[in-house]
>>> print(open('start-v3.pdb').read())   # PDB, N, CA, C and O atoms
ATOM      1  N   MET A 102      21.392  81.639   5.864
ATOM      2  CA  MET A 102      20.661  82.354   4.859
ATOM      3  C   MET A 102      21.364  83.667   4.556
ATOM      4  O   MET A 102      21.958  84.263   5.432
ATOM      5  N   SER A 103      21.273  84.107   3.321
ATOM      6  CA  SER A 103      21.889  85.364   2.901
ATOM      7  C   SER A 103      20.882  86.495   2.960
ATOM      8  O   SER A 103      19.674  86.277   2.927
ATOM      9  N   SER A 104      21.395  87.716   3.001
ATOM     10  CA  SER A 104      20.537  88.900   3.021
ATOM     11  C   SER A 104      20.707  89.702   1.739
ATOM     12  O   SER A 104      21.784  89.735   1.153
ATOM     13  N   ILE A 105      19.615  90.355   1.340
ATOM     14  CA  ILE A 105      19.626  91.269   0.201
ATOM     15  C   ILE A 105      18.900  92.527   0.650
ATOM     16  O   ILE A 105      17.797  92.451   1.190
ATOM     17  N   ASN A 106      19.495  93.654   0.421
ATOM     18  CA  ASN A 106      18.838  94.920   0.727
ATOM     19  C   ASN A 106      18.240  95.473  -0.554
ATOM     20  O   ASN A 106      18.888  95.483  -1.599
ATOM     21  N   ILE A 107      16.978  95.917  -0.474
ATOM     22  CA  ILE A 107      16.343  96.509  -1.646
ATOM     23  C   ILE A 107      15.748  97.858  -1.269
ATOM     24  O   ILE A 107      15.392  98.097  -0.120
ATOM     25  N   SER A 108      15.648  98.705  -2.262
ATOM     26  CA  SER A 108      15.010 100.010  -2.084
ATOM     27  C   SER A 108      13.704 100.005  -2.848
ATOM     28  O   SER A 108      13.641  99.554  -3.992
ATOM     29  N   LEU A 109      12.641 100.491  -2.189
ATOM     30  CA  LEU A 109      11.325 100.556  -2.815
ATOM     31  C   LEU A 109      10.755 101.956  -2.668
ATOM     32  O   LEU A 109      10.982 102.607  -1.639
ATOM     33  N   PRO A 110       9.980 102.374  -3.647
ATOM     34  CA  PRO A 110       9.242 103.618  -3.454
ATOM     35  C   PRO A 110       8.256 103.421  -2.290
ATOM     36  O   PRO A 110       7.838 102.298  -2.000
ATOM     37  N   GLU A 111       7.882 104.494  -1.652
ATOM     38  CA  GLU A 111       7.001 104.413  -0.472
ATOM     39  C   GLU A 111       5.708 103.666  -0.784
ATOM     40  O   GLU A 111       5.249 102.852   0.017
ATOM     41  N   SER A 112       5.126 103.898  -1.958
ATOM     42  CA  SER A 112       3.857 103.235  -2.307
ATOM     43  C   SER A 112       4.018 101.714  -2.371
ATOM     44  O   SER A 112       3.133 100.968  -1.950
ATOM     45  N   MET A 113       5.155 101.264  -2.885
ATOM     46  CA  MET A 113       5.404  99.818  -2.948
ATOM     47  C   MET A 113       5.663  99.255  -1.557
ATOM     48  O   MET A 113       5.228  98.148  -1.243
ATOM     49  N   LYS A 114       6.361  99.991  -0.732
ATOM     50  CA  LYS A 114       6.638  99.565   0.639
ATOM     51  C   LYS A 114       5.324  99.367   1.391
ATOM     52  O   LYS A 114       5.120  98.346   2.066
ATOM     53  N   VAL A 115       4.412 100.316   1.234
ATOM     54  CA  VAL A 115       3.102 100.219   1.886
ATOM     55  C   VAL A 115       2.354  98.998   1.365
ATOM     56  O   VAL A 115       1.760  98.235   2.130
ATOM     57  N   PHE A 116       2.395  98.791   0.044
ATOM     58  CA  PHE A 116       1.726  97.640  -0.553
ATOM     59  C   PHE A 116       2.277  96.337   0.019
ATOM     60  O   PHE A 116       1.516  95.437   0.403
ATOM     61  N   VAL A 117       3.587  96.212   0.073
ATOM     62  CA  VAL A 117       4.225  94.997   0.592
ATOM     63  C   VAL A 117       3.808  94.767   2.038
ATOM     64  O   VAL A 117       3.447  93.646   2.432
ATOM     65  N   GLU A 118       3.839  95.798   2.836
ATOM     66  CA  GLU A 118       3.458  95.662   4.244
ATOM     67  C   GLU A 118       1.996  95.231   4.380
ATOM     68  O   GLU A 118       1.663  94.411   5.241
ATOM     69  N   GLU A 119       1.118  95.752   3.519
ATOM     70  CA  GLU A 119      -0.283  95.336   3.532
ATOM     71  C   GLU A 119      -0.419  93.859   3.169
ATOM     72  O   GLU A 119      -1.202  93.131   3.772
ATOM     73  N   GLN A 120       0.364  93.426   2.183
ATOM     74  CA  GLN A 120       0.311  92.026   1.760
ATOM     75  C   GLN A 120       0.792  91.099   2.876
ATOM     76  O   GLN A 120       0.251  90.015   3.066
ATOM     77  N   VAL A 121       1.800  91.531   3.600
ATOM     78  CA  VAL A 121       2.313  90.738   4.721
ATOM     79  C   VAL A 121       1.206  90.551   5.756
ATOM     80  O   VAL A 121       0.937  89.440   6.214
ATOM     81  N   THR A 122       0.527  91.645   6.082
ATOM     82  CA  THR A 122      -0.533  91.604   7.087
ATOM     83  C   THR A 122      -1.728  90.783   6.592
ATOM     84  O   THR A 122      -2.198  89.882   7.290
ATOM     85  N   GLN A 123      -2.189  91.076   5.397
ATOM     86  CA  GLN A 123      -3.380  90.409   4.861
ATOM     87  C   GLN A 123      -3.123  88.946   4.509
ATOM     88  O   GLN A 123      -4.020  88.119   4.601
ATOM     89  N   GLY A 124      -1.903  88.642   4.111
ATOM     90  CA  GLY A 124      -1.579  87.281   3.688
ATOM     91  C   GLY A 124      -1.146  86.372   4.821
ATOM     92  O   GLY A 124      -0.868  85.196   4.606
ATOM     93  N   GLY A 125      -1.058  86.913   6.014
ATOM     94  CA  GLY A 125      -0.667  86.091   7.155
ATOM     95  C   GLY A 125       0.812  85.744   7.192
ATOM     96  O   GLY A 125       1.204  84.765   7.823
ATOM     97  N   TYR A 126       1.619  86.524   6.517
ATOM     98  CA  TYR A 126       3.067  86.292   6.531
ATOM     99  C   TYR A 126       3.647  86.832   7.830
ATOM    100  O   TYR A 126       3.163  87.817   8.378
ATOM    101  N   GLY A 127       4.718  86.201   8.312
ATOM    102  CA  GLY A 127       5.363  86.644   9.537
ATOM    103  C   GLY A 127       6.277  87.829   9.338
ATOM    104  O   GLY A 127       6.612  88.525  10.293
ATOM    105  N   SER A 128       6.678  88.052   8.088
ATOM    106  CA  SER A 128       7.613  89.142   7.819
ATOM    107  C   SER A 128       7.619  89.457   6.328
ATOM    108  O   SER A 128       7.099  88.695   5.507
ATOM    109  N   VAL A 129       8.228  90.577   5.995
ATOM    110  CA  VAL A 129       8.411  90.953   4.594
ATOM    111  C   VAL A 129       9.253  89.884   3.897
ATOM    112  O   VAL A 129       8.993  89.519   2.750
ATOM    113  N   SER A 130      10.238  89.351   4.598
ATOM    114  CA  SER A 130      11.086  88.306   4.009
ATOM    115  C   SER A 130      10.266  87.091   3.592
ATOM    116  O   SER A 130      10.463  86.543   2.508
ATOM    117  N   GLU A 131       9.354  86.655   4.446
ATOM    118  CA  GLU A 131       8.509  85.504   4.100
ATOM    119  C   GLU A 131       7.672  85.801   2.862
ATOM    120  O   GLU A 131       7.510  84.946   1.987
ATOM    121  N   TYR A 132       7.121  87.003   2.802
ATOM    122  CA  TYR A 132       6.307  87.396   1.651
ATOM    123  C   TYR A 132       7.146  87.370   0.370
ATOM    124  O   TYR A 132       6.737  86.798  -0.646
ATOM    125  N   LEU A 133       8.322  87.976   0.414
ATOM    126  CA  LEU A 133       9.188  88.016  -0.768
ATOM    127  C   LEU A 133       9.669  86.618  -1.157
ATOM    128  O   LEU A 133       9.760  86.298  -2.343
ATOM    129  N   GLN A 134       9.968  85.781  -0.173
ATOM    130  CA  GLN A 134      10.365  84.402  -0.474
ATOM    131  C   GLN A 134       9.235  83.664  -1.184
ATOM    132  O   GLN A 134       9.478  82.913  -2.143
ATOM    133  N   ASP A 135       7.995  83.895  -0.744
ATOM    134  CA  ASP A 135       6.849  83.265  -1.393
ATOM    135  C   ASP A 135       6.699  83.754  -2.830
ATOM    136  O   ASP A 135       6.454  82.957  -3.739
ATOM    137  N   LEU A 136       6.846  85.060  -3.042
ATOM    138  CA  LEU A 136       6.758  85.604  -4.401
ATOM    139  C   LEU A 136       7.826  85.004  -5.313
ATOM    140  O   LEU A 136       7.545  84.629  -6.451
ATOM    141  N   ILE A 137       9.035  84.907  -4.807
ATOM    142  CA  ILE A 137      10.135  84.356  -5.605
ATOM    143  C   ILE A 137       9.882  82.884  -5.899
ATOM    144  O   ILE A 137      10.084  82.409  -7.024
ATOM    145  N   SER A 138       9.406  82.155  -4.905
ATOM    146  CA  SER A 138       9.092  80.736  -5.095
ATOM    147  C   SER A 138       8.017  80.554  -6.161
ATOM    148  O   SER A 138       8.120  79.674  -7.027
ATOM    149  N   GLN A 139       6.975  81.374  -6.111
ATOM    150  CA  GLN A 139       5.916  81.307  -7.124
ATOM    151  C   GLN A 139       6.467  81.607  -8.516
ATOM    152  O   GLN A 139       6.087  80.957  -9.494
ATOM    153  N   ASP A 140       7.368  82.579  -8.610
ATOM    154  CA  ASP A 140       7.970  82.924  -9.898
ATOM    155  C   ASP A 140       8.825  81.772 -10.420
ATOM    156  O   ASP A 140       8.797  81.454 -11.612
ATOM    157  N   GLN A 141       9.568  81.132  -9.536
ATOM    158  CA  GLN A 141      10.380  79.976  -9.939
ATOM    159  C   GLN A 141       9.485  78.862 -10.480
ATOM    160  O   GLN A 141       9.786  78.258 -11.512
ATOM    161  N   LYS A 142       8.388  78.584  -9.780
ATOM    162  CA  LYS A 142       7.459  77.539 -10.231
ATOM    163  C   LYS A 142       6.854  77.899 -11.578
ATOM    164  O   LYS A 142       6.730  77.040 -12.457
ATOM    165  N   ARG A 143       6.474  79.168 -11.760
ATOM    166  CA  ARG A 143       5.889  79.615 -13.018
ATOM    167  C   ARG A 143       6.874  79.437 -14.169
ATOM    168  O   ARG A 143       6.527  78.929 -15.237
ATOM    169  N   LYS A 144       8.126  79.823 -13.935
ATOM    170  CA  LYS A 144       9.136  79.697 -14.999
ATOM    171  C   LYS A 144       9.436  78.233 -15.311
ATOM    172  O   LYS A 144       9.637  77.869 -16.472
ATOM    173  N   THR A 145       9.449  77.391 -14.297
ATOM    174  CA  THR A 145       9.645  75.957 -14.521
ATOM    175  C   THR A 145       8.490  75.393 -15.336
ATOM    176  O   THR A 145       8.703  74.615 -16.267
ATOM    177  N   GLN A 146       7.259  75.786 -14.994
ATOM    178  CA  GLN A 146       6.084  75.335 -15.734
ATOM    179  C   GLN A 146       6.149  75.794 -17.187
ATOM    180  O   GLN A 146       5.855  75.017 -18.095
ATOM    181  N   GLU A 147       6.543  77.031 -17.419
ATOM    182  CA  GLU A 147       6.680  77.538 -18.792
ATOM    183  C   GLU A 147       7.717  76.726 -19.562
ATOM    184  O   GLU A 147       7.519  76.415 -20.739
ATOM    185  N   TYR A 148       8.824  76.393 -18.909
ATOM    186  CA  TYR A 148       9.885  75.612 -19.551
ATOM    187  C   TYR A 148       9.369  74.225 -19.940
ATOM    188  O   TYR A 148       9.591  73.755 -21.059
ATOM    189  N   ILE A 149       8.638  73.596 -19.021
ATOM    190  CA  ILE A 149       8.087  72.268 -19.299
ATOM    191  C   ILE A 149       7.089  72.341 -20.451
ATOM    192  O   ILE A 149       7.095  71.488 -21.342
ATOM    193  N   GLU A 150       6.241  73.373 -20.448
ATOM    194  CA  GLU A 150       5.276  73.534 -21.530
ATOM    195  C   GLU A 150       5.974  73.746 -22.868
ATOM    196  O   GLU A 150       5.551  73.192 -23.888
ATOM    197  N   ASP A 151       7.053  74.520 -22.870
ATOM    198  CA  ASP A 151       7.826  74.717 -24.106
ATOM    199  C   ASP A 151       8.397  73.397 -24.608
ATOM    200  O   ASP A 151       8.370  73.114 -25.810
ATOM    201  N   LEU A 152       8.923  72.581 -23.690
ATOM    202  CA  LEU A 152       9.456  71.269 -24.080
ATOM    203  C   LEU A 152       8.360  70.377 -24.646
ATOM    204  O   LEU A 152       8.573  69.685 -25.645
ATOM    205  N   LEU A 153       7.192  70.394 -24.013
ATOM    206  CA  LEU A 153       6.081  69.578 -24.505
ATOM    207  C   LEU A 153       5.639  70.025 -25.893
ATOM    208  O   LEU A 153       5.406  69.195 -26.779
ATOM    209  N   ILE A 154       5.535  71.326 -26.101
ATOM    210  CA  ILE A 154       5.134  71.843 -27.416
ATOM    211  C   ILE A 154       6.172  71.467 -28.465
ATOM    212  O   ILE A 154       5.827  71.030 -29.565
ATOM    213  N   THR A 155       7.454  71.611 -28.122
ATOM    214  CA  THR A 155       8.518  71.217 -29.048
ATOM    215  C   THR A 155       8.397  69.737 -29.399
ATOM    216  O   THR A 155       8.526  69.353 -30.563
ATOM    217  N   GLY A 156       8.133  68.925 -28.385
ATOM    218  CA  GLY A 156       7.965  67.493 -28.622
ATOM    219  C   GLY A 156       6.763  67.191 -29.504
ATOM    220  O   GLY A 156       6.834  66.356 -30.409
ATOM    221  N   LEU A 157       5.675  67.889 -29.257
ATOM    222  CA  LEU A 157       4.473  67.669 -30.057
ATOM    223  C   LEU A 157       4.668  68.088 -31.510
ATOM    224  O   LEU A 157       4.080  67.502 -32.418
ATOM    225  N   GLU A 158       5.483  69.106 -31.711
ATOM    226  CA  GLU A 158       5.695  69.625 -33.070
ATOM    227  C   GLU A 158       6.791  68.871 -33.823
ATOM    228  O   GLU A 158       7.017  69.127 -34.999
ATOM    229  N   SER A 159       7.451  67.954 -33.160
ATOM    230  CA  SER A 159       8.534  67.217 -33.822
ATOM    231  C   SER A 159       8.069  65.814 -34.191
ATOM    232  O   SER A 159       7.200  65.239 -33.560
ATOM    233  N   GLY A 160       8.640  65.302 -35.216
ATOM    234  CA  GLY A 160       8.396  63.912 -35.586
ATOM    235  C   GLY A 160       7.037  63.670 -36.213
ATOM    236  O   GLY A 160       6.226  64.557 -36.430
ATOM    237  N   GLU A 161       6.823  62.405 -36.464
ATOM    238  CA  GLU A 161       5.605  61.946 -37.116
ATOM    239  C   GLU A 161       4.453  61.916 -36.109
ATOM    240  O   GLU A 161       4.620  61.518 -34.967
ATOM    241  N   VAL A 162       3.290  62.298 -36.565
ATOM    242  CA  VAL A 162       2.101  62.268 -35.719
ATOM    243  C   VAL A 162       1.605  60.832 -35.625
ATOM    244  O   VAL A 162       1.499  60.131 -36.638
ATOM    245  N   ILE A 163       1.356  60.374 -34.402
ATOM    246  CA  ILE A 163       0.817  59.029 -34.212
ATOM    247  C   ILE A 163      -0.416  59.118 -33.328
ATOM    248  O   ILE A 163      -0.562  60.042 -32.527
ATOM    249  N   GLU A 164      -1.296  58.164 -33.488
ATOM    250  CA  GLU A 164      -2.467  58.089 -32.630
ATOM    251  C   GLU A 164      -2.100  57.284 -31.391
ATOM    252  O   GLU A 164      -1.598  56.166 -31.491
ATOM    253  N   VAL A 165      -2.321  57.869 -30.235
ATOM    254  CA  VAL A 165      -2.030  57.186 -28.980
ATOM    255  C   VAL A 165      -3.362  56.709 -28.411
ATOM    256  O   VAL A 165      -4.214  57.494 -28.030
ATOM    257  N   ASN A 166      -3.518  55.398 -28.400
ATOM    258  CA  ASN A 166      -4.741  54.794 -27.880
ATOM    259  C   ASN A 166      -4.369  53.627 -26.963
ATOM    260  O   ASN A 166      -3.185  53.423 -26.669
ATOM    261  N   ASP A 167      -5.352  52.886 -26.513
ATOM    262  CA  ASP A 167      -5.076  51.777 -25.597
ATOM    263  C   ASP A 167      -4.113  50.747 -26.203
ATOM    264  O   ASP A 167      -3.231  50.228 -25.526
ATOM    265  N   GLU A 168      -4.283  50.471 -27.468
ATOM    266  CA  GLU A 168      -3.402  49.502 -28.149
ATOM    267  C   GLU A 168      -1.958  50.005 -28.167
ATOM    268  O   GLU A 168      -1.021  49.253 -27.920
ATOM    269  N   TRP A 169      -1.789  51.297 -28.462
ATOM    270  CA  TRP A 169      -0.442  51.875 -28.474
ATOM    271  C   TRP A 169       0.210  51.748 -27.102
ATOM    272  O   TRP A 169       1.369  51.377 -26.995
ATOM    273  N   TRP A 170      -0.553  52.081 -26.038
ATOM    274  CA  TRP A 170       0.000  51.979 -24.684
ATOM    275  C   TRP A 170       0.362  50.539 -24.336
ATOM    276  O   TRP A 170       1.388  50.282 -23.701
ATOM    277  N   GLU A 171      -0.450  49.585 -24.751
ATOM    278  CA  GLU A 171      -0.155  48.169 -24.469
ATOM    279  C   GLU A 171       1.125  47.746 -25.180
ATOM    280  O   GLU A 171       1.981  47.064 -24.598
ATOM    281  N   GLN A 172       1.299  48.166 -26.433
ATOM    282  CA  GLN A 172       2.535  47.850 -27.158
ATOM    283  C   GLN A 172       3.735  48.511 -26.490
ATOM    284  O   GLN A 172       4.804  47.910 -26.381
ATOM    285  N   LYS A 173       3.557  49.744 -26.046
ATOM    286  CA  LYS A 173       4.648  50.471 -25.377
ATOM    287  C   LYS A 173       5.032  49.759 -24.087
ATOM    288  O   LYS A 173       6.207  49.561 -23.783
ATOM    289  N   ARG A 174       4.032  49.352 -23.302
ATOM    290  CA  ARG A 174       4.281  48.627 -22.050
ATOM    291  C   ARG A 174       5.030  47.325 -22.314
ATOM    292  O   ARG A 174       6.021  47.018 -21.654
ATOM    293  N   THR A 175       4.558  46.581 -23.293
ATOM    294  CA  THR A 175       5.198  45.308 -23.636
ATOM    295  C   THR A 175       6.643  45.530 -24.065
ATOM    296  O   THR A 175       7.549  44.810 -23.627
ATOM    297  N   HIS A 176       6.865  46.529 -24.889
ATOM    298  CA  HIS A 176       8.220  46.842 -25.359
ATOM    299  C   HIS A 176       9.139  47.193 -24.187
ATOM    300  O   HIS A 176      10.277  46.713 -24.105
ATOM    301  N   LEU A 177       8.659  48.026 -23.277
ATOM    302  CA  LEU A 177       9.475  48.428 -22.120
ATOM    303  C   LEU A 177       9.767  47.245 -21.195
ATOM    304  O   LEU A 177      10.865  47.112 -20.686
ATOM    305  N   ILE A 178       8.774  46.403 -20.986
ATOM    306  CA  ILE A 178       8.976  45.213 -20.142
ATOM    307  C   ILE A 178      10.025  44.307 -20.775
ATOM    308  O   ILE A 178      10.920  43.788 -20.096
ATOM    309  N   ASN A 179       9.931  44.133 -22.095
ATOM    310  CA  ASN A 179      10.932  43.308 -22.785
ATOM    311  C   ASN A 179      12.336  43.903 -22.657
ATOM    312  O   ASN A 179      13.309  43.171 -22.467
ATOM    313  N   GLN A 180      12.444  45.224 -22.763
ATOM    314  CA  GLN A 180      13.749  45.879 -22.611
ATOM    315  C   GLN A 180      14.305  45.668 -21.207
ATOM    316  O   GLN A 180      15.499  45.420 -21.046
ATOM    317  N   ILE A 181      13.464  45.758 -20.201
ATOM    318  CA  ILE A 181      13.909  45.552 -18.825
ATOM    319  C   ILE A 181      14.447  44.150 -18.642
ATOM    320  O   ILE A 181      15.512  43.949 -18.045
ATOM    321  N   HIS A 182      13.749  43.153 -19.208
ATOM    322  CA  HIS A 182      14.183  41.762 -19.084
ATOM    323  C   HIS A 182      15.490  41.505 -19.851
ATOM    324  O   HIS A 182      16.319  40.720 -19.431
ATOM    325  N   GLU A 183      15.673  42.183 -20.981
ATOM    326  CA  GLU A 183      16.897  42.032 -21.766
ATOM    327  C   GLU A 183      18.093  42.633 -21.044
ATOM    328  O   GLU A 183      19.209  42.149 -21.165
ATOM    329  N   ASP A 184      17.867  43.708 -20.291
ATOM    330  CA  ASP A 184      18.957  44.407 -19.589
ATOM    331  C   ASP A 184      19.449  43.637 -18.359
ATOM    332  O   ASP A 184      20.525  43.898 -17.857
ATOM    333  N   LYS A 185      18.663  42.684 -17.892
ATOM    334  CA  LYS A 185      19.057  41.943 -16.670
ATOM    335  C   LYS A 185      20.062  40.878 -16.966
ATOM    336  O   LYS A 185      20.333  40.357 -17.904
TER     337      LYS A 185
END
>>> encode(input="start-v3.pdb", output="structure tokens")
Amino acid sequence: MSSINISLPESMKVFVEEQVTQGGYGSVSEYLQDLISQDQKRKTQEYIEDLLITGLESGEVIEVNDEWWEQKRTHLINQIHEDK
């Protein structure tokens, strides 16, 4: 594992130490790793949502119902059999 040194104002240092204690973290490193992990997940979720919105805004609008899903399933099954 790599190390990073950071400088914090005293008020932030106290806050971080309180979060470590209250959150049951074993160390400041564990707390910061959790924060970074949460941020990574949030950014990934935002990216996925952006892709979904882009997809929804593109192309022709179609109604997706049980019949549509059955046709889609049949089409995919046929493609799988053709590829073999």
>>> select_by_dssp(input="start-v3.pdb", residues="stretch 120-185 of chain A", states="alpha helix (DSSP H)", output="MDAnalysis selection string")
chainID A and resid 120:124 129:158 167:184
>>> residues_around(input="start-v3.pdb", residues="stretch 135-143 of chain A", least_positions_apart="3", cutoff="12 Å", atoms="only C-alpha atoms", output="MDAnalysis selection string")
chainID A and resid 117 120:121 124:132 146:150
>>> atom_distance(input="start-v3.pdb", atom1="atom CA of A:Trp170", atom2="atom CA of A:Gly156")
17.9 Å
>>> atom_distance(input="start-v3.pdb", atom1="atom CA of A:Gln134", atom2="atom N of A:Asn106")
13.0 Å
>>> build_atoms(input="start-v3.pdb", residues="stretch 153-162 of chain A", atoms="all heavy atoms", output="PDB file, keeping the file's coordinate frame")
ATOM      1  N   LEU A 153       7.192  70.394 -24.013  1.00  0.00           N
ATOM      2  CA  LEU A 153       6.081  69.578 -24.505  1.00  0.00           C
ATOM      3  C   LEU A 153       5.639  70.025 -25.893  1.00  0.00           C
ATOM      4  O   LEU A 153       5.406  69.195 -26.779  1.00  0.00           O
ATOM      5  CB  LEU A 153       4.899  69.652 -23.529  1.00  0.00           C
ATOM      6  CG  LEU A 153       5.082  68.902 -22.218  1.00  0.00           C
ATOM      7  CD1 LEU A 153       3.956  69.240 -21.253  1.00  0.00           C
ATOM      8  CD2 LEU A 153       5.151  67.410 -22.455  1.00  0.00           C
ATOM      9  N   ILE A 154       5.535  71.326 -26.101  1.00  0.00           N
ATOM     10  CA  ILE A 154       5.134  71.843 -27.416  1.00  0.00           C
ATOM     11  C   ILE A 154       6.172  71.467 -28.465  1.00  0.00           C
ATOM     12  O   ILE A 154       5.827  71.030 -29.565  1.00  0.00           O
ATOM     13  CB  ILE A 154       4.907  73.364 -27.360  1.00  0.00           C
ATOM     14  CG1 ILE A 154       3.636  73.652 -26.558  1.00  0.00           C
ATOM     15  CG2 ILE A 154       4.819  73.971 -28.763  1.00  0.00           C
ATOM     16  CD1 ILE A 154       3.435  75.104 -26.207  1.00  0.00           C
ATOM     17  N   THR A 155       7.454  71.611 -28.122  1.00  0.00           N
ATOM     18  CA  THR A 155       8.518  71.217 -29.048  1.00  0.00           C
ATOM     19  C   THR A 155       8.397  69.737 -29.399  1.00  0.00           C
ATOM     20  O   THR A 155       8.526  69.353 -30.563  1.00  0.00           O
ATOM     21  CB  THR A 155       9.902  71.513 -28.431  1.00  0.00           C
ATOM     22  OG1 THR A 155      10.003  72.913 -28.179  1.00  0.00           O
ATOM     23  CG2 THR A 155      11.024  71.072 -29.354  1.00  0.00           C
ATOM     24  N   GLY A 156       8.133  68.925 -28.385  1.00  0.00           N
ATOM     25  CA  GLY A 156       7.965  67.493 -28.622  1.00  0.00           C
ATOM     26  C   GLY A 156       6.763  67.191 -29.504  1.00  0.00           C
ATOM     27  O   GLY A 156       6.834  66.356 -30.409  1.00  0.00           O
ATOM     28  N   LEU A 157       5.675  67.889 -29.257  1.00  0.00           N
ATOM     29  CA  LEU A 157       4.473  67.669 -30.057  1.00  0.00           C
ATOM     30  C   LEU A 157       4.668  68.088 -31.510  1.00  0.00           C
ATOM     31  O   LEU A 157       4.080  67.502 -32.418  1.00  0.00           O
ATOM     32  CB  LEU A 157       3.292  68.434 -29.456  1.00  0.00           C
ATOM     33  CG  LEU A 157       2.738  67.881 -28.147  1.00  0.00           C
ATOM     34  CD1 LEU A 157       1.727  68.853 -27.550  1.00  0.00           C
ATOM     35  CD2 LEU A 157       2.113  66.515 -28.354  1.00  0.00           C
ATOM     36  N   GLU A 158       5.483  69.106 -31.711  1.00  0.00           N
ATOM     37  CA  GLU A 158       5.695  69.625 -33.070  1.00  0.00           C
ATOM     38  C   GLU A 158       6.791  68.871 -33.823  1.00  0.00           C
ATOM     39  O   GLU A 158       7.017  69.127 -34.999  1.00  0.00           O
ATOM     40  CB  GLU A 158       6.036  71.116 -33.007  1.00  0.00           C
ATOM     41  CG  GLU A 158       4.862  71.964 -32.552  1.00  0.00           C
ATOM     42  CD  GLU A 158       5.215  73.422 -32.347  1.00  0.00           C
ATOM     43  OE1 GLU A 158       6.426  73.754 -32.274  1.00  0.00           O
ATOM     44  OE2 GLU A 158       4.284  74.238 -32.235  1.00  0.00           O
ATOM     45  N   SER A 159       7.451  67.954 -33.160  1.00  0.00           N
ATOM     46  CA  SER A 159       8.534  67.217 -33.822  1.00  0.00           C
ATOM     47  C   SER A 159       8.069  65.814 -34.191  1.00  0.00           C
ATOM     48  O   SER A 159       7.200  65.239 -33.560  1.00  0.00           O
ATOM     49  CB  SER A 159       9.756  67.128 -32.901  1.00  0.00           C
ATOM     50  OG  SER A 159       9.467  66.288 -31.800  1.00  0.00           O
ATOM     51  N   GLY A 160       8.640  65.302 -35.216  1.00  0.00           N
ATOM     52  CA  GLY A 160       8.396  63.912 -35.586  1.00  0.00           C
ATOM     53  C   GLY A 160       7.037  63.670 -36.213  1.00  0.00           C
ATOM     54  O   GLY A 160       6.226  64.557 -36.430  1.00  0.00           O
ATOM     55  N   GLU A 161       6.823  62.405 -36.464  1.00  0.00           N
ATOM     56  CA  GLU A 161       5.605  61.946 -37.116  1.00  0.00           C
ATOM     57  C   GLU A 161       4.453  61.916 -36.109  1.00  0.00           C
ATOM     58  O   GLU A 161       4.620  61.518 -34.967  1.00  0.00           O
ATOM     59  CB  GLU A 161       5.849  60.533 -37.665  1.00  0.00           C
ATOM     60  CG  GLU A 161       4.697  59.941 -38.401  1.00  0.00           C
ATOM     61  CD  GLU A 161       5.009  58.518 -38.852  1.00  0.00           C
ATOM     62  OE1 GLU A 161       6.189  58.201 -39.087  1.00  0.00           O
ATOM     63  OE2 GLU A 161       4.061  57.734 -38.952  1.00  0.00           O
ATOM     64  N   VAL A 162       3.290  62.298 -36.565  1.00  0.00           N
ATOM     65  CA  VAL A 162       2.101  62.268 -35.719  1.00  0.00           C
ATOM     66  C   VAL A 162       1.605  60.832 -35.625  1.00  0.00           C
ATOM     67  O   VAL A 162       1.499  60.131 -36.638  1.00  0.00           O
ATOM     68  CB  VAL A 162       0.989  63.168 -36.301  1.00  0.00           C
ATOM     69  CG1 VAL A 162      -0.280  63.058 -35.479  1.00  0.00           C
ATOM     70  CG2 VAL A 162       1.462  64.598 -36.381  1.00  0.00           C
TER      71      VAL A 162
END
